[in-house]
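Single-structure report; data block below.
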Amino acid sequence: MGRFVVLTDTVLRGLGQVMFQNNSYAGLLFLAGIAANSLLFAAAALVGSITATLTALALGVDRALVRAGMFGFNGTLVAIALLYFLAPVALTWACVILASACSTLLMAALLAAFKAWKLPALTAPFVFTSLVFFLSAARFGRLEPTGQLPTAGLPVKAAVEGVVTGGTVGEGLLTGIGQVFFQGSTISGALFVVGLLVSSRHAASAALAGSLAGLLVAWGMGAAEPAIRAGAFGFNSVLTAIALARVFLAPGAASTVYALLGAIVTPFVAAACGAALEPLGLPVMTLPFVLTTWVFLLASRGFSRIDAAS
Amino acid sequence: MGRFVVLTDTVLRGLGQVMFQNNSYAGLLFLAGIAANSLLFAAAALVGSITATLTALALGVDRALVRAGMFGFNGTLVAIALLYFLAPVALTWACVILASACSTLLMAALLAAFKAWKLPALTAPFVFTSLVFFLSAARFGRLEPTGQLPTAGLPVKAAVEGVVTGGTVGEGLLTGIGQVFFQGSTISGALFVVGLLVSSRHAASAALAGSLAGLLVAWGMGAAEPAIRAGAFGFNSVLTAIALARVFLAPGAASTVYALLGAIVTPFVAAACGAALEPLGLPVMTLPFVLTTWVFLLASRGFSRIDAAS
Amino acid sequence: MGRFVVLTDTVLRGLGQVMFQNNSYAGLLFLAGIAANSLLFAAAALVGSITATLTALALGVDRALVRAGMFGFNGTLVAIALLYFLAPVALTWACVILASACSTLLMAALLAAFKAWKLPALTAPFVFTSLVFFLSAARFGRLEPTGQLPTAGLPVKAAVEGVVTGGTVGEGLLTGIGQVFFQGSTISGALFVVGLLVSSRHAASAALAGSLAGLLVAWGMGAAEPAIRAGAFGFNSVLTAIALARVFLAPGAASTVYALLGAIVTPFVAAACGAALEPLGLPVMTLPFVLTTWVFLLASRGFSRIDAAS
């Protein structure tokens with residue numbers, strides 16, 4: 001393949017890896033799903049994956065890792081996040097480039113730090129890089145928030161709010177998958193499911209089951225209806241479910257139950273992260289998925305019933 | 001022994017391990033101490049230890065660890081904590097079961113994470129699991145706090161408040177031990193000391209010395225009298241003192257001095273954790289003990305004067 | 001050499017190690033730079049280095065490490081920090097002694113924790129020890145802040161404030177170096193540069209380049225002019241630049257570019273730490289340098305273009 005084709009394929013795999021798919025067609029469909037909702041975010045997703053990938057190549061990262069898209073997906077998410085929460089002016093685009101490059105540094109750092117535990121970095125580089133840039137906007141006068149960041153304020157007890165209907169559940173099921181890429185759109189969610197189907201039927205089922213589990217737990221615990229409908233309690237469970245059921249543990253009955261438990265615990269961690277970060281005006285992004293999956297993977301080493309993926 | 005007897009013995013050792021005693025009689029006396037103050041908390045302590053132990057067995061944890069009560073004590077504390085801070089309705093009891101099971105996952109995860117350092121998990125699984133559930137109550141409308149959680153608010157400089165008398169010291173000495181299980185009662189504290197005496201005379205002395213050290217430092221630094229009387233600055237020092245003087249380091253003059261230093265530093269860490277967590281409406285629980293003991297144990301590897309327990 | 005001469009030399013190396021110089025003359029010039037601005041802080045710097053060093057000797061730390069000043073520099077910084085933010089009464093001096101001793105414990109703990117990664121502790125022991133004492137002042141009525149701690153309050157979007165002139169840049173370049181020891185004085189900064197020159201011409205250039213990079217980035221992003229003039233965005237970049245260009249990586253073109261990238265990223269991390277810690281009334285100190293340098297060093301293991309120092 002020519003250089004340009006290889007790079008394009010790598011960049012698309014970077015998009016695919018956001019949901020653990022080392023598959024450029026999945027990546028292309030994810031890109032289509034984003035574009036269906038917003039061309040701005042689709043552009044950001046590409047710029048982020050390209051920047052993070054080129055940074056990795058320039059610094060001399062192991063080619064095989066780069067080729068599998070492992071140095072693209074955090075850049076993609078960082079770029080979308082920055083444009084979701086900061087106004088799309090020239091300085092923000094400059095920050096998008098810098099932050100996507102930083103995501104490659106954090107990825108390399110976490111790979112080195114976690115080597116002894118054989119623990120994956122997941123989307124932690126995206127989360128930490130984004131938090132740094134959002135927080136710094138409070139001190140740097142020229143970074144303009146879009147108004148999507150939560151308002152700073154101390155945690156207040158939420159009341160049970162709104163009535164959950166069949167529509168809430170149906171919509172939330174798909175937006176929960178759409179929110180993996182910050183797209184609270186059922187069409188985006190549906191296209192992401194198609195992207196998963198192209199790559200792995202099992203991953204698509206895990207994603208749907210995860211979204212449903214997150215949604216039902218949040219409903220049962222009395223989360224606000226608009227948040228449930230928008231998929232706010234789904235996307236982290238989606239990622240936890242795919243990671244535990246299909247990627248890092250040996251697939252089977254035991255890991256399916258274990259993944260389900262993970263998808264059930266994730267909304268509690270999501271609610272907790274929300275209450276901890278929102279006073280600072282920060283979104284939780286995929287931090288709940290990252291924390292829950294790290295704990296479940298580390299714990300599995302001590303459980304003879306749960307095996308690591310071979 | 002029959003199955004039921006073994007399980008009962010294991011569950012009681014789980015209670016005993018809250019103060020590092022692999023001894024079911026100590027566990028039984030700790031349970032009596034809790035029951036003397038509140039039957040609700042005694043029931044919670046049993047449910048937590050049983051749930052965490054059974055979860056460990058179901059997932060296939062090493063039997064010897066489970067048998068020593070190592071997968072019971074965090075469940076016990078999580079269960080008491082949830083019922084201390086959340087209203088005892090059916091949903092809270094369901095959360096108690098889920099959270100106790102989660103404490104087993106966190107325990108297994110920390111054992112795997114800390115293996116290379118030979119560092120104990122201590123009560124970190126209890127603390128982190130409880131923090132997640134308390135924080136999530138701010139987003140989940142159906143979890144009702146009892147009013148025991150600190151009110152959210154930014155840290156305000158505390159004034160020197162109240163006059164410390166002999167009564168404060170005498171009461172605080174025992175409540176400081178009672179608070180290890182959230183029981184601010186002198187009778188509970190006294191029964192816990194008896195439980196320690198049954199298992200280890202030295203552990204009982206360390207507990208009393210730790211409680212006194214924590215109390216005196218807090219008094220000297222100008223902590224509020226009601227907090228001192230209630231044992232708020234004692235229980236973390238109790239645990240630090242037992243851990244460093246009797247459990248993880250070779251007993252002797254050097255480790256006794258080192259443990260005393262630990263018991264003196266703990267109230268500073270406790271005050272700091274309080275100021276950091278209380279703005280979010282969160283209690284510190286045994287986080288100060290965990291952090292201080294981790295630092296002192298890790299540091300001891302570089303000190304030729306302080307030896308690890310054989 | 002006599003015992004006293006050896007101890008004096010060790011204590012001065014402790015001061016020198018604040019900017020990575022295992023050189024007692026550099027330490028002496030750093031002390032002169034502090035004394036030029038404040039005799040109180042010069043006394044604190046000495047007391048801190050002496051206490052931390054003697055604690056290390058008493059506990060039996062490896063002599064070679066102590067002799068190189070590795071157990072002095074965190075004590076020096078802790079002592080200055082406590083007197084900068086807490087009123088210089090007798091109780092504060094007692095806390096200075098206790099905190100300097102604690103910095104030795106944290107140093108030993110981090111050395112043990114980071115051994116597997118060959119990662120340096122940097123000034124993390126100073127930062128964490130100081131944060132504990134500042135936070136505890138909110139609960140301990142007898143610790144009196146000086147008014148230098150930030151006022152507790154939720155993060156508020158900063159406006160672009162003041163006009164940056166040539167004077168701002170010239171002053172900020174030197175105060176940025178002075179602030180490494182909490183001295184917002186151009187004379188202190190100049191003397192620190194002289195101290196670096198005595199020990200390493202390259203370290204002095206890295207310090208000046210780092211200060212300039214931090215200042216220019218903060219200016220470009222719209223930080224407040226008084227903060228830029230006072231060196232608030234310089235000192236962390238100074239330390240990152242020296243660490244990455246001269247100390248932990250093989251000097252050369254690649255590491256110079258890498259260090260420059262580190263110096264550019266540091267002000268973002270500094271702004272983020274400020275927004276995260278200031279609501280609790282806490283200063284960031286050198287936390288941004290520590291976090292950035294840890295990430296850049298860990299990441300370098302995965303980059304074939306960046307080599308570790310031999």
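Chain labels follow the order of the structure tokens: the first chain is A, the next B, and so on; residue numbering restarts at 1 in every chain, and ligands are counted from 1 in their shown order.
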Within 9 Å of chain C, which residues of chain B show up when using only C-alpha atoms, listed as a short mmCIF file (atom, residue, chain, number, x, y, z; two decimals) with N, CA, C and O atoms, in the first residue's frame?
data_model
loop_
_atom_site.label_atom_id
_atom_site.label_comp_id
_atom_site.auth_asym_id
_atom_site.auth_seq_id
_atom_site.Cartn_x
_atom_site.Cartn_y
_atom_site.Cartn_z
N ALA B 116 3.71 -5.92 43.76
CA ALA B 116 5.13 -5.64 43.54
C ALA B 116 5.73 -4.91 44.74
O ALA B 116 6.92 -5.01 45.01
N TRP B 117 4.92 -4.14 45.46
CA TRP B 117 5.42 -3.38 46.60
C TRP B 117 5.20 -4.11 47.93
O TRP B 117 5.54 -3.58 48.97
N LEU B 154 -17.52 25.37 51.23
CA LEU B 154 -16.08 25.57 51.11
C LEU B 154 -15.45 25.64 52.49
O LEU B 154 -16.09 26.00 53.46
N PRO B 155 -14.17 25.23 52.59
CA PRO B 155 -13.53 25.17 53.90
C PRO B 155 -13.48 26.55 54.55
O PRO B 155 -13.15 27.55 53.91
N VAL B 156 -13.84 26.60 55.81
CA VAL B 156 -13.83 27.85 56.56
C VAL B 156 -12.87 27.63 57.73
O VAL B 156 -12.87 26.56 58.34
N LYS B 157 -12.04 28.62 58.01
CA LYS B 157 -11.11 28.53 59.12
C LYS B 157 -11.87 28.24 60.41
O LYS B 157 -12.77 28.97 60.80
N ALA B 158 -11.55 27.12 61.08
CA ALA B 158 -12.20 26.79 62.34
C ALA B 158 -11.60 27.62 63.47
O ALA B 158 -10.39 27.85 63.50
N ALA B 159 -12.42 28.09 64.38
CA ALA B 159 -11.93 28.78 65.56
C ALA B 159 -11.62 27.74 66.63
O ALA B 159 -12.14 26.63 66.60
N VAL B 160 -10.71 28.06 67.59
CA VAL B 160 -10.52 27.19 68.73
C VAL B 160 -11.83 27.21 69.50
O VAL B 160 -12.35 28.27 69.83
N GLU B 161 -12.40 26.02 69.76
CA GLU B 161 -13.79 25.96 70.20
C GLU B 161 -13.93 25.00 71.38
O GLU B 161 -13.52 23.84 71.29
N ALA B 218 -4.48 16.66 68.37
CA ALA B 218 -5.60 17.48 67.93
C ALA B 218 -5.89 18.59 68.94
O ALA B 218 -6.15 19.74 68.58
N TRP B 219 -5.80 18.25 70.22
CA TRP B 219 -6.00 19.25 71.28
C TRP B 219 -4.93 20.34 71.17
O TRP B 219 -5.25 21.54 71.15
N GLY B 220 -3.69 19.92 71.08
CA GLY B 220 -2.59 20.87 71.00
C GLY B 220 -2.69 21.81 69.80
O GLY B 220 -2.28 22.97 69.86
N MET B 221 -3.24 21.31 68.71
CA MET B 221 -3.34 22.11 67.49
C MET B 221 -4.61 22.95 67.45
O MET B 221 -4.83 23.72 66.51
N GLY B 222 -5.46 22.79 68.46
CA GLY B 222 -6.65 23.65 68.52
C GLY B 222 -7.85 23.11 67.76
O GLY B 222 -8.63 23.89 67.20
N ALA B 223 -8.02 21.78 67.74
CA ALA B 223 -9.23 21.22 67.14
C ALA B 223 -10.42 21.51 68.06
O ALA B 223 -10.25 21.80 69.24
N ALA B 224 -11.63 21.43 67.52
CA ALA B 224 -12.83 21.72 68.30
C ALA B 224 -13.04 20.65 69.37
O ALA B 224 -12.86 19.46 69.12
N VAL B 265 1.41 12.01 63.24
CA VAL B 265 1.19 12.61 61.91
C VAL B 265 -0.25 12.41 61.44
O VAL B 265 -0.82 13.27 60.75
N PRO B 267 -3.30 12.70 62.74
CA PRO B 267 -4.31 13.76 62.90
C PRO B 267 -4.13 14.92 61.91
O PRO B 267 -5.11 15.53 61.51
N PHE B 268 -2.89 15.21 61.51
CA PHE B 268 -2.68 16.25 60.49
C PHE B 268 -3.29 15.79 59.16
O PHE B 268 -3.98 16.56 58.48
N VAL B 269 -3.01 14.54 58.81
CA VAL B 269 -3.57 14.00 57.57
C VAL B 269 -5.10 13.96 57.67
O VAL B 269 -5.81 14.24 56.70
N ALA B 270 -5.60 13.63 58.86
CA ALA B 270 -7.06 13.57 59.05
C ALA B 270 -7.68 14.96 58.89
O ALA B 270 -8.71 15.12 58.22
N ALA B 271 -7.04 15.97 59.48
CA ALA B 271 -7.55 17.33 59.34
C ALA B 271 -7.51 17.76 57.88
O ALA B 271 -8.45 18.40 57.37
N ALA B 272 -6.44 17.39 57.18
CA ALA B 272 -6.30 17.76 55.77
C ALA B 272 -7.36 17.06 54.92
O ALA B 272 -8.01 17.70 54.08
N CYS B 273 -7.56 15.76 55.14
CA CYS B 273 -8.58 15.03 54.38
C CYS B 273 -9.95 15.63 54.66
O CYS B 273 -10.78 15.75 53.75
N GLY B 274 -10.20 15.99 55.91
CA GLY B 274 -11.48 16.60 56.25
C GLY B 274 -11.71 17.88 55.46
O GLY B 274 -12.76 18.07 54.85
N ALA B 275 -10.69 18.75 55.44
CA ALA B 275 -10.84 20.01 54.71
C ALA B 275 -10.99 19.79 53.21
O ALA B 275 -11.64 20.57 52.51
N ALA B 276 -10.39 18.70 52.69
CA ALA B 276 -10.46 18.44 51.25
C ALA B 276 -11.78 17.78 50.85
O ALA B 276 -12.32 18.07 49.78
N PRO B 279 -15.97 19.78 51.70
CA PRO B 279 -16.68 20.65 50.74
C PRO B 279 -17.61 19.85 49.83
O PRO B 279 -18.62 20.37 49.37
N TRP B 294 0.40 3.70 54.43
CA TRP B 294 1.07 3.38 53.17
C TRP B 294 2.41 4.12 53.08
O TRP B 294 3.43 3.52 52.73
N VAL B 295 2.41 5.41 53.38
CA VAL B 295 3.66 6.18 53.28
C VAL B 295 4.70 5.65 54.26
O VAL B 295 5.85 5.43 53.90
N PHE B 296 4.29 5.40 55.51
CA PHE B 296 5.25 4.93 56.51
C PHE B 296 5.80 3.53 56.15
O PHE B 296 6.97 3.26 56.37
N LEU B 297 4.94 2.67 55.59
CA LEU B 297 5.43 1.33 55.23
C LEU B 297 6.36 1.39 54.03
O LEU B 297 7.44 0.78 54.04
N LEU B 298 5.98 2.14 53.00
CA LEU B 298 6.85 2.27 51.83
C LEU B 298 8.19 2.89 52.24
O LEU B 298 9.25 2.42 51.84
N ALA B 299 8.12 3.95 53.05
CA ALA B 299 9.34 4.64 53.46
C ALA B 299 10.27 3.72 54.24
O ALA B 299 11.50 3.79 54.10
N SER B 300 9.68 2.81 55.03
CA SER B 300 10.51 1.95 55.89
C SER B 300 11.48 1.11 55.08
O SER B 300 12.52 0.70 55.60
N ARG B 301 11.17 0.84 53.79
CA ARG B 301 12.07 0.04 52.95
C ARG B 301 13.43 0.73 52.78
O ARG B 301 14.43 0.07 52.52
N GLY B 302 13.43 2.06 52.89
CA GLY B 302 14.69 2.78 52.70
C GLY B 302 15.39 3.09 54.02
O GLY B 302 16.43 3.72 54.02
N PHE B 303 14.80 2.63 55.15
CA PHE B 303 15.36 2.95 56.47
C PHE B 303 15.97 1.69 57.08
O PHE B 303 15.25 0.78 57.48
N SER B 304 17.30 1.67 57.22
CA SER B 304 17.93 0.45 57.75
C SER B 304 17.56 0.22 59.22
O SER B 304 17.70 -0.88 59.72
N ARG B 305 17.07 1.25 59.91
CA ARG B 305 16.70 1.08 61.32
C ARG B 305 15.33 0.43 61.53
O ARG B 305 14.99 0.02 62.62
N ILE B 306 14.50 0.43 60.46
CA ILE B 306 13.13 -0.09 60.59
C ILE B 306 12.99 -1.34 59.73
O ILE B 306 13.14 -1.26 58.50
#
Discussion item. Considering only alpha helix (DSSP H) as DSSP defines it on the backbone, what residues of range 62-172 of chain B qualify? List them as JSON, numbers by chain.
Written reply: {"B": [63, 64, 65, 66, 67, 73, 74, 75, 76, 77, 78, 79, 80, 81, 82, 83, 84, 85, 90, 91, 92, 93, 94, 95, 96, 97, 98, 99, 100, 101, 102, 103, 104, 105, 106, 107, 108, 109, 110, 111, 112, 113, 114, 124, 125, 126, 127, 128, 129, 130, 131, 132, 133, 134, 135, 136, 166, 167, 168, 169, 170, 171, 172]}
Item to complete: For each of A:Arg246, A:Arg3, A:Arg63, A:Lys118, take the minimum atom-to-atom distance to Ser205 in chain A, counting only C-alpha atoms, then give the residue where this is smallest.
Response: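 Distance minimum relative to Ser205 in chain A lands on A:Arg246.
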Discussion item. Set the distance at 6 Å and use only C-alpha atoms: which residues neighbour Ser188 in chain C once local chain neighbours fewer than 6 positions away are removed? I'd like the list as a PyMOL selection string.
Written reply: chain C and resi 33-34+178
Worksheet item: Nearest to Pro283 in chain C among C:Ala45, C:Leu149, C:Ala213, C:Leu12, with distances taken over only C-alpha atoms: which residue is it?
Response: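 Between C:Ala45, C:Leu149, C:Ala213, C:Leu12, the residue approaching Pro283 in chain C most closely is C:Leu149.
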Discussion item. So, with only C-alpha atoms as the atoms that count, which of A:Ile177, A:Ala308, A:Leu191, A:Val96 lies closest to Gly210 in chain A?
Written reply: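 Nearest to Gly210 in chain A: A:Ile177.
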Item to complete: Quote the spacing between CA of Asp307 in chain C and CA of Phe233 in chain C in Å to one decimal place.
Response: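 Those two atoms sit 27.9 Å apart.
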Fill in: Selection: 9 Å around range 78-85 of chain A, only C-alpha atoms, excl. self and same-chain fewer than 5 positions, as a PyMOL selection string
chain A and resi 40-49+73+92-93+95-97+99-100+103+125-127+129-130+133-134+144-149+181-182+285
Resulting file, chosen residues, N, CA, C and O atoms, as a short mmCIF file (atom, residue, chain, number, x, y, z; two decimals), in the first residue's frame:
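Contents of the output file out_19.cif:
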data_model
loop_
_atom_site.label_atom_id
_atom_site.label_comp_id
_atom_site.auth_asym_id
_atom_site.auth_seq_id
_atom_site.Cartn_x
_atom_site.Cartn_y
_atom_site.Cartn_z
N LEU A 40 -18.51 19.64 12.00
CA LEU A 40 -17.44 20.20 12.81
C LEU A 40 -16.76 19.10 13.61
O LEU A 40 -15.53 18.98 13.65
N PHE A 41 -17.57 18.26 14.29
CA PHE A 41 -16.99 17.21 15.12
C PHE A 41 -16.32 16.12 14.27
O PHE A 41 -15.33 15.53 14.68
N ALA A 42 -16.87 15.88 13.08
CA ALA A 42 -16.22 14.90 12.20
C ALA A 42 -14.83 15.39 11.80
O ALA A 42 -13.85 14.63 11.81
N ALA A 43 -14.74 16.69 11.48
CA ALA A 43 -13.44 17.27 11.15
C ALA A 43 -12.49 17.16 12.34
O ALA A 43 -11.32 16.79 12.21
N ALA A 44 -13.02 17.48 13.54
CA ALA A 44 -12.20 17.41 14.75
C ALA A 44 -11.69 15.98 14.97
O ALA A 44 -10.51 15.77 15.29
N ALA A 45 -12.58 15.00 14.78
CA ALA A 45 -12.20 13.60 14.99
C ALA A 45 -11.03 13.22 14.09
O ALA A 45 -10.08 12.56 14.53
N LEU A 46 -11.08 13.66 12.83
CA LEU A 46 -9.99 13.37 11.89
C LEU A 46 -8.70 14.08 12.30
O LEU A 46 -7.63 13.46 12.35
N VAL A 47 -8.82 15.38 12.57
CA VAL A 47 -7.63 16.15 12.95
C VAL A 47 -6.96 15.55 14.18
O VAL A 47 -5.74 15.43 14.26
N GLY A 48 -7.78 15.16 15.15
CA GLY A 48 -7.23 14.59 16.39
C GLY A 48 -6.50 13.28 16.14
O GLY A 48 -5.38 13.09 16.62
N SER A 49 -7.13 12.40 15.37
CA SER A 49 -6.49 11.11 15.11
C SER A 49 -5.21 11.29 14.30
O SER A 49 -4.19 10.65 14.58
N PHE A 73 -6.93 6.97 18.87
CA PHE A 73 -8.26 7.13 19.46
C PHE A 73 -8.34 8.18 20.55
O PHE A 73 -9.34 8.89 20.67
N THR A 92 -8.50 27.88 19.82
CA THR A 92 -8.98 26.56 20.24
C THR A 92 -8.45 25.47 19.32
O THR A 92 -8.02 24.41 19.77
N TRP A 93 -8.43 25.74 18.00
CA TRP A 93 -7.87 24.76 17.06
C TRP A 93 -6.39 24.52 17.34
O TRP A 93 -5.91 23.39 17.28
N CYS A 95 -5.08 24.73 20.26
CA CYS A 95 -5.10 23.88 21.45
C CYS A 95 -5.47 22.45 21.10
O CYS A 95 -4.99 21.50 21.72
N VAL A 96 -6.35 22.28 20.12
CA VAL A 96 -6.73 20.94 19.69
C VAL A 96 -5.49 20.17 19.20
O VAL A 96 -5.28 19.01 19.55
N ILE A 97 -4.66 20.87 18.40
CA ILE A 97 -3.43 20.24 17.90
C ILE A 97 -2.51 19.89 19.07
O ILE A 97 -2.03 18.75 19.20
N ALA A 99 -3.23 19.55 22.26
CA ALA A 99 -3.80 18.56 23.17
C ALA A 99 -3.79 17.17 22.55
O ALA A 99 -3.53 16.18 23.25
N SER A 100 -4.03 17.07 21.24
CA SER A 100 -3.98 15.75 20.60
C SER A 100 -2.55 15.19 20.68
O SER A 100 -2.36 13.99 20.92
N SER A 103 -1.98 13.91 24.08
CA SER A 103 -2.62 12.62 24.35
C SER A 103 -1.68 11.47 23.99
O SER A 103 -1.71 10.43 24.63
N PRO A 125 -5.80 8.76 28.69
CA PRO A 125 -5.07 9.91 28.13
C PRO A 125 -6.01 11.00 27.64
O PRO A 125 -5.75 12.19 27.84
N PHE A 126 -7.10 10.62 26.99
CA PHE A 126 -8.10 11.59 26.55
C PHE A 126 -8.69 12.33 27.74
O PHE A 126 -8.76 13.57 27.76
N VAL A 127 -9.11 11.59 28.77
CA VAL A 127 -9.78 12.22 29.91
C VAL A 127 -8.85 13.21 30.61
O VAL A 127 -9.22 14.37 30.85
N THR A 129 -5.99 14.65 29.58
CA THR A 129 -5.60 15.79 28.74
C THR A 129 -6.75 16.80 28.67
O THR A 129 -6.53 18.02 28.82
N SER A 130 -7.97 16.33 28.45
CA SER A 130 -9.10 17.24 28.34
C SER A 130 -9.33 17.99 29.65
O SER A 130 -9.59 19.20 29.64
N PHE A 133 -6.99 20.91 29.92
CA PHE A 133 -7.32 22.06 29.07
C PHE A 133 -8.58 22.77 29.55
O PHE A 133 -8.66 24.00 29.53
N PHE A 134 -9.60 22.03 30.01
CA PHE A 134 -10.82 22.68 30.49
C PHE A 134 -10.52 23.50 31.75
O PHE A 134 -10.98 24.63 31.91
N GLU A 144 -12.43 30.38 25.42
CA GLU A 144 -13.84 30.67 25.67
C GLU A 144 -14.70 29.42 25.72
O GLU A 144 -14.89 28.76 24.70
N PRO A 145 -15.24 29.08 26.89
CA PRO A 145 -16.15 27.92 26.97
C PRO A 145 -17.40 28.14 26.11
O PRO A 145 -17.82 29.28 25.87
N THR A 146 -17.99 27.03 25.63
CA THR A 146 -19.18 27.12 24.79
C THR A 146 -20.47 27.17 25.60
O THR A 146 -21.54 27.33 25.05
N GLY A 147 -20.37 26.97 26.90
CA GLY A 147 -21.58 26.90 27.71
C GLY A 147 -22.04 25.46 27.92
O GLY A 147 -23.02 25.21 28.61
N GLN A 148 -21.32 24.48 27.33
CA GLN A 148 -21.67 23.08 27.53
C GLN A 148 -21.05 22.52 28.80
O GLN A 148 -21.46 21.47 29.29
N LEU A 149 -20.00 23.20 29.31
CA LEU A 149 -19.39 22.72 30.55
C LEU A 149 -20.38 22.91 31.69
O LEU A 149 -21.13 23.88 31.70
N PHE A 181 -18.94 9.20 21.42
CA PHE A 181 -18.25 10.24 20.65
C PHE A 181 -18.88 11.61 20.89
O PHE A 181 -18.85 12.47 20.02
N PHE A 182 -19.54 11.82 22.04
CA PHE A 182 -20.17 13.11 22.38
C PHE A 182 -21.37 13.45 21.49
O PHE A 182 -21.74 14.61 21.41
N MET A 285 -16.83 12.84 31.18
CA MET A 285 -16.36 12.12 29.99
C MET A 285 -16.34 10.60 30.23
O MET A 285 -17.31 10.07 30.78
#
